[in-house]
Structures are given as structure tokens and as C-alpha cells.
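Coordinates from data30.cif are shown below (mmCIF, C-alpha atoms).
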data_work
loop_
_atom_site.group_PDB
_atom_site.id
_atom_site.type_symbol
_atom_site.label_atom_id
_atom_site.label_comp_id
_atom_site.auth_asym_id
_atom_site.auth_seq_id
_atom_site.Cartn_x
_atom_site.Cartn_y
_atom_site.Cartn_z
ATOM 1 C CA MET R 88 0.000 0.000 0.000
ATOM 2 C CA GLU R 89 1.301 3.457 -0.930
ATOM 3 C CA ILE R 90 1.752 5.948 1.887
ATOM 4 C CA PRO R 91 -0.173 9.074 0.870
ATOM 5 C CA TYR R 92 1.280 12.599 0.760
ATOM 6 C CA THR R 93 4.958 11.598 0.668
ATOM 7 C CA VAL R 94 5.437 13.779 -2.409
ATOM 8 C CA GLU R 95 2.171 15.545 -3.210
ATOM 9 C CA PRO R 96 1.050 18.159 -0.664
ATOM 10 C CA ARG R 97 -1.933 17.522 1.572
ATOM 11 C CA PRO R 98 -4.951 19.609 0.542
ATOM 12 C CA ASP R 99 -5.454 20.978 4.087
ATOM 13 C CA SER R 100 -1.888 21.965 5.055
ATOM 14 C CA GLY R 101 -0.408 22.403 1.579
ATOM 15 C CA LEU R 102 2.584 20.352 2.764
ATOM 16 C CA ALA R 103 3.842 16.806 2.304
ATOM 17 C CA ASN R 104 3.549 14.859 5.566
ATOM 18 C CA GLY R 105 7.319 14.512 5.961
ATOM 19 C CA LYS R 106 7.846 18.277 5.867
ATOM 20 C CA LEU R 107 5.410 18.997 8.693
ATOM 21 C CA GLY R 108 6.765 15.963 10.548
ATOM 22 C CA ILE R 109 10.374 17.137 10.444
ATOM 23 C CA TRP R 110 9.383 20.651 11.595
ATOM 24 C CA LEU R 111 7.440 19.242 14.560
ATOM 25 C CA PHE R 112 10.487 17.089 15.378
ATOM 26 C CA LEU R 113 12.694 20.187 15.217
ATOM 27 C CA ALA R 114 10.250 21.948 17.564
ATOM 28 C CA SER R 115 10.818 19.166 20.107
ATOM 29 C CA GLU R 116 14.568 19.531 19.570
ATOM 30 C CA VAL R 117 14.345 23.257 20.357
ATOM 31 C CA MET R 118 12.728 22.267 23.677
ATOM 32 C CA LEU R 119 15.506 19.757 24.398
ATOM 33 C CA PHE R 120 18.355 22.182 23.734
ATOM 34 C CA GLY R 121 16.324 25.061 25.217
ATOM 35 C CA ALA R 122 16.098 23.191 28.526
ATOM 36 C CA LEU R 123 19.871 22.700 28.536
ATOM 37 C CA PHE R 124 20.570 26.335 27.611
ATOM 38 C CA SER R 125 18.234 27.302 30.433
ATOM 39 C CA THR R 126 20.233 25.042 32.775
ATOM 40 C CA TYR R 127 23.437 26.714 31.602
ATOM 41 C CA ILE R 128 22.038 30.180 32.384
ATOM 42 C CA LEU R 129 20.873 29.022 35.838
ATOM 43 C CA LEU R 130 24.281 27.504 36.653
ATOM 44 C CA ARG R 131 26.204 30.492 35.329
ATOM 45 C CA VAL R 132 24.096 33.130 37.083
ATOM 46 C CA GLY R 133 24.298 31.197 40.354
ATOM 47 C CA ALA R 134 28.061 30.556 40.184
ATOM 48 C CA VAL R 135 30.403 32.644 42.329
ATOM 49 C CA GLU R 136 33.058 32.453 39.621
ATOM 50 C CA TRP R 137 33.009 31.033 36.099
ATOM 51 C CA PRO R 138 36.096 29.745 34.252
ATOM 52 C CA HIS R 139 37.203 31.624 31.161
ATOM 53 C CA GLY R 140 39.587 30.507 28.427
ATOM 54 C CA GLU R 141 39.525 26.802 29.326
ATOM 55 C CA LEU R 142 38.529 25.733 25.814
ATOM 56 C CA SER R 143 40.470 26.030 22.568
ATOM 57 C CA VAL R 144 38.867 28.916 20.640
ATOM 58 C CA LYS R 145 40.886 27.852 17.570
ATOM 59 C CA LEU R 146 39.364 24.349 17.489
ATOM 60 C CA GLY R 147 35.889 25.731 18.225
ATOM 61 C CA ALA R 148 36.190 28.275 15.409
ATOM 62 C CA ILE R 149 37.457 25.615 12.969
ATOM 63 C CA ASN R 150 34.457 23.448 13.852
ATOM 64 C CA THR R 151 32.127 26.416 13.289
ATOM 65 C CA VAL R 152 33.613 26.923 9.807
ATOM 66 C CA ILE R 153 33.251 23.185 9.075
ATOM 67 C CA LEU R 154 29.573 23.159 10.068
ATOM 68 C CA ILE R 155 28.789 26.307 8.055
ATOM 69 C CA LEU R 156 30.435 24.766 4.980
ATOM 70 C CA SER R 157 28.497 21.527 5.545
ATOM 71 C CA SER R 158 25.232 23.492 5.703
ATOM 72 C CA VAL R 159 26.057 25.071 2.333
ATOM 73 C CA THR R 160 26.914 21.696 0.739
ATOM 74 C CA MET R 161 23.705 20.162 2.149
ATOM 75 C CA VAL R 162 21.415 22.829 0.696
ATOM 76 C CA VAL R 163 23.318 22.660 -2.619
ATOM 77 C CA ALA R 164 22.761 18.868 -2.647
ATOM 78 C CA TRP R 165 19.018 19.479 -2.465
ATOM 79 C CA ALA R 166 19.210 22.163 -5.183
ATOM 80 C CA GLN R 167 21.129 19.799 -7.507
ATOM 81 C CA LEU R 168 18.515 17.068 -7.025
ATOM 82 C CA LYS R 169 15.764 19.602 -7.745
ATOM 83 C CA MET R 170 17.557 20.249 -11.064
ATOM 84 C CA ASN R 171 17.629 16.476 -11.730
ATOM 85 C CA ASN R 172 21.422 16.228 -11.222
ATOM 86 C CA PHE R 173 21.467 13.020 -9.199
ATOM 87 C CA SER R 174 25.230 12.401 -9.294
ATOM 88 C CA LYS R 175 26.045 15.962 -8.179
ATOM 89 C CA GLY R 176 23.338 15.881 -5.506
ATOM 90 C CA ARG R 177 24.668 12.634 -4.119
ATOM 91 C CA MET R 178 28.232 13.939 -4.246
ATOM 92 C CA TYR R 179 27.254 16.973 -2.122
ATOM 93 C CA VAL R 180 25.504 14.696 0.394
ATOM 94 C CA ILE R 181 28.756 12.705 0.669
ATOM 95 C CA ILE R 182 30.810 15.925 1.082
ATOM 96 C CA THR R 183 28.439 17.010 3.879
ATOM 97 C CA ALA R 184 28.879 13.657 5.638
ATOM 98 C CA VAL R 185 32.687 13.910 5.314
ATOM 99 C CA LEU R 186 32.655 17.443 6.776
ATOM 100 C CA ALA R 187 30.504 16.146 9.648
ATOM 101 C CA LEU R 188 33.072 13.396 10.254
ATOM 102 C CA VAL R 189 35.885 15.990 10.318
ATOM 103 C CA PHE R 190 33.867 17.920 12.923
ATOM 104 C CA LEU R 191 33.684 14.807 15.108
ATOM 105 C CA VAL R 192 37.420 14.066 14.681
ATOM 106 C CA ASN R 193 38.139 17.639 15.827
ATOM 107 C CA LYS R 194 35.816 17.133 18.794
ATOM 108 C CA TYR R 195 37.593 13.869 19.636
ATOM 109 C CA PHE R 196 40.943 15.716 19.881
ATOM 110 C CA GLU R 197 39.325 18.363 22.073
ATOM 111 C CA TYR R 198 37.765 15.778 24.401
ATOM 112 C CA ALA R 199 40.977 13.690 24.482
ATOM 113 C CA ASP R 200 42.976 16.767 25.525
ATOM 114 C CA HIS R 201 40.590 17.414 28.423
ATOM 115 C CA PHE R 202 40.534 13.801 29.603
ATOM 116 C CA SER R 203 44.339 13.523 29.392
ATOM 117 C CA ARG R 204 44.475 16.347 31.981
ATOM 118 C CA GLY R 205 41.858 14.613 34.141
ATOM 119 C CA GLU R 206 39.286 17.246 33.218
ATOM 120 C CA GLY R 207 36.142 15.180 32.775
ATOM 121 C CA PRO R 208 32.564 16.302 33.408
ATOM 122 C CA TRP R 209 33.131 15.650 37.138
ATOM 123 C CA HIS R 210 35.909 18.262 37.292
ATOM 124 C CA SER R 211 33.753 21.402 37.459
ATOM 125 C CA THR R 212 30.219 22.693 36.863
ATOM 126 C CA PHE R 213 31.425 24.403 33.685
ATOM 127 C CA LEU R 214 32.872 21.186 32.247
ATOM 128 C CA ALA R 215 29.759 19.247 33.294
ATOM 129 C CA ILE R 216 27.477 21.520 31.241
ATOM 130 C CA TYR R 217 30.111 21.752 28.460
ATOM 131 C CA PHE R 218 30.270 17.966 28.039
ATOM 132 C CA THR R 219 26.477 17.635 28.307
ATOM 133 C CA LEU R 220 25.766 20.263 25.638
ATOM 134 C CA THR R 221 28.548 19.342 23.220
ATOM 135 C CA GLY R 222 28.049 15.601 23.813
ATOM 136 C CA LEU R 223 24.355 15.838 22.942
ATOM 137 C CA HIS R 224 25.213 17.984 19.937
ATOM 138 C CA GLY R 225 27.849 15.423 18.894
ATOM 139 C CA LEU R 226 25.234 12.661 19.070
ATOM 140 C CA HIS R 227 23.071 14.715 16.711
ATOM 141 C CA ILE R 228 26.028 15.015 14.321
ATOM 142 C CA LEU R 229 26.450 11.230 14.492
ATOM 143 C CA GLY R 230 22.737 10.756 13.719
ATOM 144 C CA GLY R 231 23.054 13.108 10.747
ATOM 145 C CA ILE R 232 26.040 11.153 9.400
ATOM 146 C CA ALA R 233 24.058 7.891 9.658
ATOM 147 C CA VAL R 234 21.116 9.332 7.693
ATOM 148 C CA MET R 235 23.411 10.919 5.050
ATOM 149 C CA ALA R 236 25.326 7.626 4.677
ATOM 150 C CA TYR R 237 21.997 5.879 4.077
ATOM 151 C CA LEU R 238 20.869 8.510 1.543
ATOM 152 C CA ALA R 239 24.165 8.335 -0.349
ATOM 153 C CA GLY R 240 24.330 4.521 -0.094
ATOM 154 C CA PRO R 241 21.426 2.045 -0.118
ATOM 155 C CA GLY R 242 18.782 4.790 0.133
ATOM 156 C CA ALA R 243 19.923 6.267 -3.196
ATOM 157 C CA ARG R 244 18.074 3.473 -5.052
ATOM 158 C CA LEU R 245 14.860 5.390 -4.356
ATOM 159 C CA TRP R 246 15.955 7.981 -6.947
ATOM 160 C CA LYS R 247 15.240 5.481 -9.761
ATOM 161 C CA ARG R 248 11.756 4.620 -8.469
ATOM 162 C CA ASN R 249 10.640 8.005 -7.148
ATOM 163 C CA PRO R 250 13.058 10.942 -7.612
ATOM 164 C CA ASP R 251 10.705 13.457 -5.982
ATOM 165 C CA GLN R 252 10.445 11.380 -2.813
ATOM 166 C CA TYR R 253 14.247 11.008 -2.687
ATOM 167 C CA THR R 254 14.665 14.783 -3.134
ATOM 168 C CA ASN R 255 12.185 15.352 -0.302
ATOM 169 C CA ARG R 256 14.167 13.005 1.963
ATOM 170 C CA VAL R 257 17.341 14.976 1.243
ATOM 171 C CA GLU R 258 15.446 18.207 1.962
ATOM 172 C CA TYR R 259 14.200 16.914 5.355
ATOM 173 C CA THR R 260 17.685 15.691 6.257
ATOM 174 C CA GLY R 261 18.935 19.141 5.263
ATOM 175 C CA LEU R 262 16.425 20.847 7.577
ATOM 176 C CA TYR R 263 17.682 18.663 10.444
ATOM 177 C CA TRP R 264 21.280 19.388 9.495
ATOM 178 C CA HIS R 265 20.780 23.158 9.388
ATOM 179 C CA PHE R 266 19.205 22.928 12.841
ATOM 180 C CA VAL R 267 22.313 21.100 14.124
ATOM 181 C CA ASP R 268 24.418 23.911 12.590
ATOM 182 C CA LEU R 269 22.145 26.523 14.192
ATOM 183 C CA VAL R 270 22.598 24.982 17.651
ATOM 184 C CA TRP R 271 26.379 25.096 17.212
ATOM 185 C CA ILE R 272 26.206 28.751 16.117
ATOM 186 C CA PHE R 273 24.900 29.505 19.640
ATOM 187 C CA LEU R 274 27.030 26.925 21.475
ATOM 188 C CA PHE R 275 30.301 28.308 20.115
ATOM 189 C CA PRO R 276 30.149 31.840 21.585
ATOM 190 C CA VAL R 277 28.357 30.736 24.759
ATOM 191 C CA LEU R 278 30.874 28.006 25.695
ATOM 192 C CA TYR R 279 34.113 29.070 24.020
ATOM 193 C CA LEU R 280 34.089 32.850 24.128
ATOM 194 C CA LEU R 281 32.006 34.083 27.067
ATOM 195 C CA MET L 136 10.133 27.052 -2.564
ATOM 196 C CA HIS L 137 11.299 27.224 -6.190
ATOM 197 C CA SER L 138 10.948 24.370 -8.703
ATOM 198 C CA ASP L 139 12.097 26.280 -11.769
ATOM 199 C CA PRO L 140 15.716 25.226 -12.634
ATOM 200 C CA ALA L 141 16.726 28.829 -13.444
ATOM 201 C CA GLU L 142 15.424 30.010 -10.062
ATOM 202 C CA ILE L 143 17.207 27.152 -8.294
ATOM 203 C CA LYS L 144 20.478 28.061 -10.047
ATOM 204 C CA LYS L 145 20.047 31.598 -8.724
ATOM 205 C CA SER L 146 19.374 30.169 -5.252
ATOM 206 C CA ILE L 147 22.676 28.262 -5.318
ATOM 207 C CA ARG L 148 24.481 31.605 -5.718
ATOM 208 C CA THR L 149 22.511 32.976 -2.778
ATOM 209 C CA TYR L 150 23.498 29.941 -0.666
ATOM 210 C CA GLY L 151 27.157 30.615 -1.477
ATOM 211 C CA ILE L 152 26.862 34.312 -0.542
ATOM 212 C CA VAL L 153 25.071 33.516 2.731
ATOM 213 C CA GLY L 154 27.693 30.842 3.521
ATOM 214 C CA GLY L 155 30.417 33.464 2.945
ATOM 215 C CA LEU L 156 28.617 35.975 5.194
ATOM 216 C CA LEU L 157 28.316 33.339 7.940
ATOM 217 C CA LEU L 158 32.077 32.778 7.774
ATOM 218 C CA VAL L 159 32.710 36.546 7.964
ATOM 219 C CA PHE L 160 30.433 36.794 11.032
ATOM 220 C CA THR L 161 32.339 33.910 12.638
ATOM 221 C CA VAL L 162 35.614 35.802 12.153
ATOM 222 C CA ILE L 163 33.987 38.942 13.648
ATOM 223 C CA THR L 164 32.753 36.918 16.670
ATOM 224 C CA VAL L 165 36.284 35.633 17.365
ATOM 225 C CA ALA L 166 37.836 39.090 16.711
ATOM 226 C CA VAL L 167 35.430 40.810 19.134
ATOM 227 C CA ASN L 168 36.447 38.228 21.747
ATOM 228 C CA GLN L 169 40.100 39.312 21.381
ATOM 229 C CA VAL L 170 39.185 42.925 22.240
ATOM 230 C CA HIS L 171 38.293 41.900 25.846
ATOM 231 C CA LEU L 172 35.096 43.885 26.276
ATOM 232 C CA ALA L 173 33.286 44.073 29.614
ATOM 233 C CA VAL L 174 31.329 40.837 30.267
ATOM 234 C CA PRO L 175 27.786 42.262 29.736
ATOM 235 C CA MET L 176 28.900 43.957 26.496
ATOM 236 C CA ALA L 177 30.740 40.825 25.302
ATOM 237 C CA ILE L 178 27.644 38.665 25.955
ATOM 238 C CA THR L 179 25.386 41.159 24.151
ATOM 239 C CA VAL L 180 27.637 41.436 21.076
ATOM 240 C CA ALA L 181 28.224 37.658 20.849
ATOM 241 C CA LEU L 182 24.510 36.876 21.139
ATOM 242 C CA ILE L 183 23.511 39.566 18.606
ATOM 243 C CA ILE L 184 25.970 38.117 16.055
ATOM 244 C CA ALA L 185 24.826 34.536 16.829
ATOM 245 C CA THR L 186 21.177 35.578 16.393
ATOM 246 C CA MET L 187 21.978 37.212 13.041
ATOM 247 C CA LYS L 188 23.808 34.074 11.888
ATOM 248 C CA GLY L 189 20.990 31.835 13.118
ATOM 249 C CA SER L 190 18.386 33.966 11.334
ATOM 250 C CA MET L 191 20.319 33.696 8.063
ATOM 251 C CA VAL L 192 20.536 29.897 8.368
ATOM 252 C CA ALA L 193 16.807 29.647 9.168
ATOM 253 C CA ALA L 194 15.641 32.118 6.507
ATOM 254 C CA VAL L 195 17.825 31.020 3.587
ATOM 255 C CA PHE L 196 19.070 27.449 4.148
ATOM 256 C CA MET L 197 15.871 26.257 5.847
ATOM 257 C CA HIS L 198 13.742 28.306 3.409
ATOM 258 C CA LEU L 199 11.778 29.917 6.222
ATOM 259 C CA SER L 200 11.575 33.186 4.302
ATOM 260 C CA HIS L 201 8.915 31.615 2.085
ATOM 261 C CA GLU L 202 7.209 28.756 3.896
ATOM 262 C CA ARG L 203 3.624 27.630 4.411
ATOM 263 C CA MET L 204 1.395 28.884 7.247
ATOM 264 C CA TRP L 205 1.455 25.504 9.022
ATOM 265 C CA ILE L 206 5.218 25.689 9.429
ATOM 266 C CA TYR L 207 4.983 29.211 10.865
ATOM 267 C CA GLY L 208 2.250 27.954 13.224
ATOM 268 C CA ALA L 209 4.526 25.156 14.474
ATOM 269 C CA LEU L 210 7.315 27.722 14.912
ATOM 270 C CA VAL L 211 5.127 30.115 16.917
ATOM 271 C CA LEU L 212 4.344 27.231 19.308
ATOM 272 C CA THR L 213 8.068 26.467 19.490
ATOM 273 C CA VAL L 214 8.921 30.083 20.320
ATOM 274 C CA ILE L 215 6.273 30.166 23.089
ATOM 275 C CA GLY L 216 7.644 26.912 24.547
ATOM 276 C CA PHE L 217 11.211 28.186 24.278
ATOM 277 C CA ILE L 218 10.387 31.442 26.089
ATOM 278 C CA ILE L 219 8.701 29.449 28.881
ATOM 279 C CA LEU L 220 11.820 27.265 29.176
ATOM 280 C CA MET L 221 14.074 30.308 29.320
ATOM 281 C CA THR L 222 12.010 31.876 32.101
ATOM 282 C CA VAL L 223 12.067 28.701 34.211
ATOM 283 C CA PRO L 224 15.341 29.761 35.938
ATOM 284 C CA SER L 225 13.670 32.943 37.186
ATOM 285 C CA PHE L 226 11.052 30.825 38.999
ATOM 286 C CA THR L 227 13.820 29.341 41.129
ATOM 287 C CA ASN L 228 14.561 32.835 42.457
ATOM 288 C CA MET L 229 10.927 33.207 43.544
ATOM 289 C CA ASP L 230 11.040 29.866 45.331
ATOM 290 C CA HIS L 231 11.456 30.295 49.129
ATOM 291 C CA ILE L 232 11.394 26.600 50.047
ATOM 292 C CA GLY L 233 14.314 25.905 52.363
ATOM 293 C CA THR L 234 14.883 29.569 53.205
ATOM 294 C CA PRO L 235 14.966 30.068 57.035
ATOM 295 C CA ILE L 236 11.948 32.041 58.271
ATOM 296 C CA ARG L 237 12.915 34.813 60.674
ATOM 297 C CA VAL L 238 10.183 35.621 63.204
ATOM 298 C CA ALA L 239 10.466 38.975 65.005
ATOM 299 C CA ALA L 240 10.792 38.630 68.786
ATOM 300 C CA PRO L 241 7.719 39.820 70.774
ATOM 301 C CA ALA L 242 8.105 43.426 72.079
ATOM 302 C CA ALA L 243 7.484 42.553 75.783
ATOM 303 C CA GLU L 244 10.134 39.849 75.814
ATOM 304 C CA HIS L 245 12.494 42.222 74.040
ATOM 305 C CA GLY L 246 11.927 44.874 76.766
ATOM 306 C CA ALA L 247 12.417 42.357 79.624
ATOM 307 C CA VAL L 248 15.905 41.572 78.488
ATOM 308 C CA HIS L 249 16.958 45.179 78.946
#

Using C-alpha cells, write down the structure from this file.
Amino acid sequence: MEIPYTVEPRPDSGLANGKLGIWLFLASEVMLFGALFSTYILLRVGAVEWPHGELSVKLGAINTVILILSSVTMVVAWAQLKMNNFSKGRMYVIITAVLALVFLVNKYFEYADHFSRGEGPWHSTFLAIYFTLTGLHGLHILGGIAVMAYLAGPGARLWKRNPDQYTNRVEYTGLYWHFVDLVWIFLFPVLYLL
Amino acid sequence: MHSDPAEIKKSIRTYGIVGGLLLVFTVITVAVNQVHLAVPMAITVALIIATMKGSMVAAVFMHLSHERMWIYGALVLTVIGFIILMTVPSFTNMDHIGTPIRVAAPAAEHGAVH
């Protein structure tokens, strides 16, 4: 049985089901990260002193650049598919996934440096919220890589059967990916600079 | 959202320009940090730049500048929920549970001591 409204928009909302679905999911994600940002504010306002300059601004800035570039490649992947350029679209999805992997490798070096100095989440309130926020964000990056690997790998077969549905899937993944980028845009100044 | 190939080609240029602007704003964020402003000013500047960057990502990459009403509706609900979450810390300041209650000593007893 065919699932309705995967490509054609619903008459009531004017949207395909997946589009509204991914936006409602992102709304729940805003609540998740919002609660943690709120926790950060509470901890910071209540702290007698707050550490400054404990994190590598250079690595944080490099990761910001990587995520911005990956957002551009992701939206270009969707645009290429919209223009019926499957090979280019797929290539940009792969580039996005590679950039996401580079982000995680960078994060690994950052974490490893902290742990080598015995500075785990137990070390201070600042590091506890730092590891919680960046760890959760890292898990989202990992989730994004898994979905992009599927879309560029076995999931790419859908293009032959239903190119519009495949393009929509890339678009929804892109919306998720831009959200992950957006969260980092706020995490970077809040954790690394302030 | 566009479906016309010519329009999409134009959009790709826009994506590149916005990507470039985001990188410039990142450099500005780091540069402002090197100036060592006072903490309230530093927080304000950093959050203004982050909000501008976030708005660009949402408007252009997530196509929010031209979306359907249902998406905006979902976003309004999100904003309301987010504001509630952000005000939750202030409730903890209003909470007096655990605060010792000081009762004023009766006047007569107070006088007897002297």
C-alpha cells in the first residue's frame, strides 16, 4: 500500500507529511536544547566564579567553519537534485557527511585533551554543562552522518523509483542538518568565548 | 520554494553568498572576543551576532523566508515553549522553600531583656 502525501502536498496543510513531521520534530529539539541552555544560564548566574579561556577557541572556530560549509553543501545537494542532477546531488551529500566526520574528529581531539588532563565532566560545573551540551550535539552530528550515509548509499536506489520522494528526503535531512548547525552557532560563543 | 531550474540556479548563488557571510560573522565573533570587552557587552555582542547568523541559516538554508502557514504555526508554538523554558530559571529565584523564616521577637520579651 502506498503511503499518501509523501510527495504531493496535503490539501489541508499544503505540505507533504514529511515536511510537517520534520518541523514538529525540530520543535521538540528546540525544547531539548532550550532546557539545557536554560540550565546553563541558571548555573552560570548562580556561580560565584566562572572559568574563562579553558577551551580552545581555535578548534571551536574551525568546527564552526566546518559546520557552516556543511550546511552550504547540504542545501546545494538538495538544489542539484531539484535540477535532476542526481550524481552531483549525491556527491554533495557525501561531502556534507565527510565534513561532519571531520567535525567529530576535531571534537575527539578536544575531548581527548581534556581527559588527558583529568578534566572530565566531574571536574567542574562548567565542564559538566560543556560535556552535556557538546556531547548531545555530537550525538546529533552522528545521527546526521548515519542518515546521510543511508541517503548516499542504499537509500539512493529510491531515486530510480521516485526521484521526488528522494529529493524530499534529502530536503528533510537538510532541515535537520541546518538545525544542528544553528545549535552550534549559539554553542560556540556561549561556551568558548564568554 | 522554487521548482524552476533557473530560479534554483540563482538560489545556489545565494546559498554561497550567505555561507560566505556566515564565515565573515564567525571571524567577527572571534575578533570581538580578542578585544576583551566588559562581560555584559561581550555577551550582548556575541549573542547579537549569533542571532543574526541563526536567522540567516533559518531564513535562507531552511527556506523559512517563504514557507507555508502551518510551518509558521509550528514555529510560533516552538517560540512560546522556548520562552517558557528560558524563564524557568527565574522561577527558582521566587522559590522560598528551604529559606529560614525569621520571626520577630515579641516586644514585651524584648523589653524584659533590657

For this session: Do me a favour and pick out the residues of chain L within 9 Å of chain R, using all atoms listed in the file, as JSON, numbers by chain.
Result: {"L": [137, 138, 139, 140, 141, 143, 144, 146, 147, 150, 151, 153, 154, 155, 157, 158, 161, 162, 164, 165, 168, 174, 177, 178, 181, 182, 185, 186, 188, 189, 190, 192, 193, 196, 197, 198, 203, 204, 205, 206, 209, 210, 212, 213, 214, 216, 217, 218, 220, 221, 222, 223, 224, 225, 227]}

Problem set entry | CA of Tyr195 (chain R) to CA of Gly225 (chain R), distance in Å rounded to a single decimal |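 Computed distance, CA of Tyr195 (chain R) to CA of Gly225 (chain R), equals 9.9 Å.
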
Problem set entry | One-decimal distance in Å that lies between CA of Gly133 (chain R) and CA of Ile236 (chain L) |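 A separation of 21.8 Å between them.
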
Exercise. What is the CA of Ser174 (chain R)-CA of Leu238 (chain R) distance in Å, reported with one decimal?
Worked result: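 These atoms are spaced 12.3 Å apart.
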
Tell me, as an mmCIF file with C-alpha atoms, keeping the file's coordinate frame, which residues lie within 12 Å of Val192 (chain R), counting all atoms listed in the file; anything in the same chain fewer than 2 positions away does not count.
data_model
loop_
_atom_site.group_PDB
_atom_site.id
_atom_site.type_symbol
_atom_site.label_atom_id
_atom_site.label_comp_id
_atom_site.auth_asym_id
_atom_site.auth_seq_id
_atom_site.Cartn_x
_atom_site.Cartn_y
_atom_site.Cartn_z
ATOM 1 C CA LEU R 146 39.364 24.349 17.489
ATOM 2 C CA ILE R 149 37.457 25.615 12.969
ATOM 3 C CA ASN R 150 34.457 23.448 13.852
ATOM 4 C CA ILE R 153 33.251 23.185 9.075
ATOM 5 C CA VAL R 185 32.687 13.910 5.314
ATOM 6 C CA LEU R 186 32.655 17.443 6.776
ATOM 7 C CA ALA R 187 30.504 16.146 9.648
ATOM 8 C CA LEU R 188 33.072 13.396 10.254
ATOM 9 C CA VAL R 189 35.885 15.990 10.318
ATOM 10 C CA PHE R 190 33.867 17.920 12.923
ATOM 11 C CA LYS R 194 35.816 17.133 18.794
ATOM 12 C CA TYR R 195 37.593 13.869 19.636
ATOM 13 C CA PHE R 196 40.943 15.716 19.881
ATOM 14 C CA GLU R 197 39.325 18.363 22.073
ATOM 15 C CA TYR R 198 37.765 15.778 24.401
ATOM 16 C CA ALA R 199 40.977 13.690 24.482
ATOM 17 C CA GLY R 225 27.849 15.423 18.894
ATOM 18 C CA ILE R 228 26.028 15.015 14.321
ATOM 19 C CA LEU R 229 26.450 11.230 14.492
#

For this session: Would you kindly return, as a list of chain:residue names, each protein, DNA or RNA residue with an atom no farther than 9 Å from any atom of Ala239 (chain R), considering only C-alpha atoms and excluding same-chain residues fewer than 4 positions away?
Result: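 That gives R:Arg177, R:Met178, R:Val180, R:Ile181, R:Val234, R:Met235, R:Ala243.
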
The selected residues should be written to file as a PDB file, in the frame of the given file (atoms: C-alpha atoms).
ATOM      1  CA  ARG R 177      24.668  12.634  -4.119  1.00  0.00           C
ATOM      2  CA  MET R 178      28.232  13.939  -4.246  1.00  0.00           C
ATOM      3  CA  VAL R 180      25.504  14.696   0.394  1.00  0.00           C
ATOM      4  CA  ILE R 181      28.756  12.705   0.669  1.00  0.00           C
ATOM      5  CA  VAL R 234      21.116   9.332   7.693  1.00  0.00           C
ATOM      6  CA  MET R 235      23.411  10.919   5.050  1.00  0.00           C
ATOM      7  CA  ALA R 243      19.923   6.267  -3.196  1.00  0.00           C
TER       8      ALA R 243
END

Please produce region 191-205 of chain R, completed to N, CA and C atoms, as a compact mmCIF listing (two decimals), in the coordinates of the input.
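After the write, selection.txt holds the following:
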# COMPACT_ATOMS: atom_id res chain seq x y z
N LEU R 191 33.60 15.75 13.98
CA LEU R 191 33.68 14.81 15.11
C LEU R 191 35.14 14.47 15.46
N VAL R 192 35.99 14.36 14.43
CA VAL R 192 37.42 14.07 14.68
C VAL R 192 38.03 15.21 15.50
N ASN R 193 37.70 16.45 15.09
CA ASN R 193 38.14 17.64 15.83
C ASN R 193 37.68 17.59 17.28
N LYS R 194 36.42 17.21 17.45
CA LYS R 194 35.82 17.13 18.79
C LYS R 194 36.53 16.05 19.62
N TYR R 195 36.89 14.96 18.94
CA TYR R 195 37.59 13.87 19.64
C TYR R 195 38.91 14.39 20.22
N PHE R 196 39.66 15.17 19.41
CA PHE R 196 40.94 15.72 19.88
C PHE R 196 40.72 16.66 21.07
N GLU R 197 39.65 17.44 20.99
CA GLU R 197 39.33 18.36 22.07
C GLU R 197 39.01 17.59 23.36
N TYR R 198 38.16 16.59 23.24
CA TYR R 198 37.76 15.78 24.40
C TYR R 198 39.00 15.06 24.97
N ALA R 199 39.81 14.47 24.05
CA ALA R 199 40.98 13.69 24.48
C ALA R 199 41.93 14.57 25.28
N ASP R 200 42.10 15.83 24.83
CA ASP R 200 42.98 16.77 25.52
C ASP R 200 42.48 17.01 26.95
N HIS R 201 41.17 17.19 27.09
CA HIS R 201 40.59 17.41 28.42
C HIS R 201 40.78 16.20 29.32
N PHE R 202 40.46 15.02 28.79
CA PHE R 202 40.53 13.80 29.60
C PHE R 202 41.98 13.48 29.98
N SER R 203 42.94 13.81 29.08
CA SER R 203 44.34 13.52 29.39
C SER R 203 44.81 14.35 30.59
N ARG R 204 44.13 15.50 30.83
CA ARG R 204 44.48 16.35 31.98
C ARG R 204 43.56 16.05 33.18
N GLY R 205 42.78 14.98 33.05
CA GLY R 205 41.86 14.61 34.14
C GLY R 205 40.67 15.55 34.26
